[in-house]
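J.: Here you go, one structure.
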Amino acid sequence: ISVGTPPRVDRLKRTPNGTLSVSGSGEPGSIVTITFPDGTTGTATVAADGTWGPVTSTAPQTSGNVAAVQTDKAGNVSDPTVTAYVDTT
């Protein structure tokens, strides 16, 4: 993945307690910041194999967008990857 490329969200899963768990891939060494539907955030460092996460919300989430932004070691910030989440409970 090249510099400035948004991270991929490969998995978005609702846990039994209503929180969301997100994982994906990106540029090794970069920091991925996840913004959950309620506006809270979590971060993960992209591993040497290009994977990151899981990042899990601290509170149950309602329907809305989950956004992932990648910041590389040089400080370049990607455009967000936005994934819609629909609470079906």
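Lettering and numbering for the structure tokens are positional, with chains as A, B, ... in the shown order, residues counted from 1 in each chain, and ligands counted from 1 in the shown order.
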Using only C-alpha atoms, which residues sit within 9 Å of Thr40 in chain A once same-chain residues fewer than 2 positions away are excluded, as a PyMOL selection string?

T.: chain A and resi 34-38+42+57-59

J.: Could you name the residues that touch Thr15 in chain A at 12 Å or less, counting only C-alpha atoms, but leaving out those on the same chain fewer than 3 positions away, as number ranges by chain?

T.: A: 12, 18-22, 54-61, 87, 89

J.: Nearest to Asp79 in chain A among A:Thr33, A:Ser23, A:Thr41, A:Thr62, with distances taken over only C-alpha atoms: which residue is it?

T.: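 That would be A:Thr33, the residue with the smallest distance to Asp79 in chain A.
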
J.: Hey, what's within 12 Å of Gly29 in chain A if we count only C-alpha atoms and toss same-chain stuff fewer than 5 positions away? As a tab-separated table (two decimals) with all heavy atoms, in the first residue's frame, please?

T.:
```tsv
chain	number	residue	atom	x	y	z
A	1	ILE	N	0.87	-1.18	0.00
A	1	ILE	CA	0.00	0.00	0.00
A	1	ILE	C	0.90	1.22	0.00
A	1	ILE	O	1.85	1.30	0.77
A	1	ILE	CB	-0.93	-0.01	1.22
A	1	ILE	CG1	-1.88	-1.19	1.09
A	1	ILE	CG2	-1.65	1.29	1.38
A	1	ILE	CD1	-2.90	-1.32	2.16
A	3	VAL	N	1.95	5.41	0.18
A	3	VAL	CA	1.70	6.55	1.06
A	3	VAL	C	0.46	7.29	0.57
A	3	VAL	O	0.27	7.50	-0.62
A	3	VAL	CB	2.92	7.49	1.07
A	3	VAL	CG1	2.60	8.76	1.83
A	3	VAL	CG2	4.11	6.80	1.67
A	44	ALA	N	-4.89	1.85	16.15
A	44	ALA	CA	-4.08	0.64	16.03
A	44	ALA	C	-2.89	0.95	15.15
A	44	ALA	O	-2.97	1.80	14.26
A	44	ALA	CB	-4.89	-0.49	15.41
A	45	THR	N	-1.79	0.28	15.41
A	45	THR	CA	-0.60	0.39	14.56
A	45	THR	C	-0.63	-0.75	13.55
A	45	THR	O	-0.91	-1.90	13.91
A	45	THR	CB	0.69	0.30	15.41
A	45	THR	OG1	0.67	1.36	16.38
A	45	THR	CG2	1.93	0.41	14.53
A	46	VAL	N	-0.35	-0.42	12.29
A	46	VAL	CA	-0.31	-1.44	11.24
A	46	VAL	C	0.96	-2.28	11.43
A	46	VAL	O	2.06	-1.75	11.49
A	46	VAL	CB	-0.35	-0.81	9.84
A	46	VAL	CG1	-0.35	-1.89	8.77
A	46	VAL	CG2	-1.57	0.11	9.68
A	47	ALA	N	0.77	-3.58	11.54
A	47	ALA	CA	1.89	-4.51	11.75
A	47	ALA	C	2.74	-4.66	10.49
A	47	ALA	O	2.35	-4.22	9.40
A	47	ALA	CB	1.33	-5.87	12.16
A	48	ALA	N	3.88	-5.31	10.64
A	48	ALA	CA	4.80	-5.51	9.51
A	48	ALA	C	4.15	-6.27	8.37
A	48	ALA	O	4.50	-6.07	7.20
A	48	ALA	CB	6.05	-6.25	9.98
A	49	ASP	N	3.15	-7.12	8.67
A	49	ASP	CA	2.47	-7.87	7.61
A	49	ASP	C	1.33	-7.08	6.97
A	49	ASP	O	0.63	-7.59	6.10
A	49	ASP	CB	1.96	-9.21	8.13
A	49	ASP	CG	0.82	-9.08	9.15
A	49	ASP	OD1	0.43	-7.94	9.51
A	49	ASP	OD2	0.32	-10.13	9.60
A	50	GLY	N	1.15	-5.82	7.39
A	50	GLY	CA	0.14	-4.95	6.78
A	50	GLY	C	-1.23	-5.02	7.41
A	50	GLY	O	-2.16	-4.38	6.94
A	51	THR	N	-1.38	-5.78	8.50
A	51	THR	CA	-2.69	-5.88	9.15
A	51	THR	C	-2.74	-4.99	10.39
A	51	THR	O	-1.72	-4.68	11.00
A	51	THR	CB	-3.00	-7.33	9.57
A	51	THR	OG1	-2.02	-7.76	10.52
A	51	THR	CG2	-3.03	-8.25	8.37
A	52	TRP	N	-3.96	-4.58	10.74
A	52	TRP	CA	-4.17	-3.81	11.97
A	52	TRP	C	-5.46	-4.30	12.65
A	52	TRP	O	-6.32	-4.87	12.02
A	52	TRP	CB	-4.23	-2.32	11.71
A	52	TRP	CG	-5.28	-1.88	10.72
A	52	TRP	CD1	-5.10	-1.70	9.38
A	52	TRP	CD2	-6.65	-1.60	10.97
A	52	TRP	NE1	-6.28	-1.33	8.78
A	52	TRP	CE2	-7.25	-1.24	9.74
A	52	TRP	CE3	-7.45	-1.61	12.11
A	52	TRP	CZ2	-8.59	-0.90	9.63
A	52	TRP	CZ3	-8.79	-1.26	12.00
A	52	TRP	CH2	-9.34	-0.91	10.77
A	70	GLN	N	-5.61	6.70	7.99
A	70	GLN	CA	-4.26	6.20	8.21
A	70	GLN	C	-3.28	7.36	8.20
A	70	GLN	O	-3.32	8.21	7.31
A	70	GLN	CB	-3.92	5.23	7.08
A	70	GLN	CG	-2.53	4.66	7.13
A	70	GLN	CD	-2.37	3.56	6.10
A	70	GLN	OE1	-2.54	2.41	6.41
A	70	GLN	NE2	-2.06	3.92	4.87
A	71	THR	N	-2.38	7.39	9.21
A	71	THR	CA	-1.31	8.38	9.27
A	71	THR	C	0.01	7.63	9.18
A	71	THR	O	0.30	6.78	10.04
A	71	THR	CB	-1.37	9.18	10.58
A	71	THR	OG1	-2.66	9.78	10.70
A	71	THR	CG2	-0.30	10.27	10.60
A	72	ASP	N	0.81	7.92	8.14
A	72	ASP	CA	2.07	7.19	7.98
A	72	ASP	C	3.16	7.80	8.85
A	72	ASP	O	2.95	8.81	9.54
A	72	ASP	CB	2.47	7.08	6.51
A	72	ASP	CG	2.88	8.39	5.87
A	72	ASP	OD1	3.10	9.40	6.58
A	72	ASP	OD2	2.98	8.43	4.63
A	73	LYS	N	4.34	7.18	8.84
A	73	LYS	CA	5.46	7.61	9.69
A	73	LYS	C	5.90	9.04	9.39
A	73	LYS	O	6.43	9.72	10.26
A	73	LYS	CB	6.63	6.66	9.53
A	73	LYS	CG	6.39	5.30	10.10
A	73	LYS	CD	7.60	4.41	9.89
A	73	LYS	CE	7.35	3.00	10.38
A	73	LYS	NZ	8.51	2.14	10.15
A	74	ALA	N	5.67	9.51	8.16
A	74	ALA	CA	6.05	10.88	7.77
A	74	ALA	C	4.99	11.90	8.16
A	74	ALA	O	5.18	13.10	7.96
A	74	ALA	CB	6.32	10.95	6.27
A	75	GLY	N	3.85	11.43	8.70
A	75	GLY	CA	2.79	12.34	9.10
A	75	GLY	C	1.74	12.59	8.04
A	75	GLY	O	0.83	13.40	8.24
```
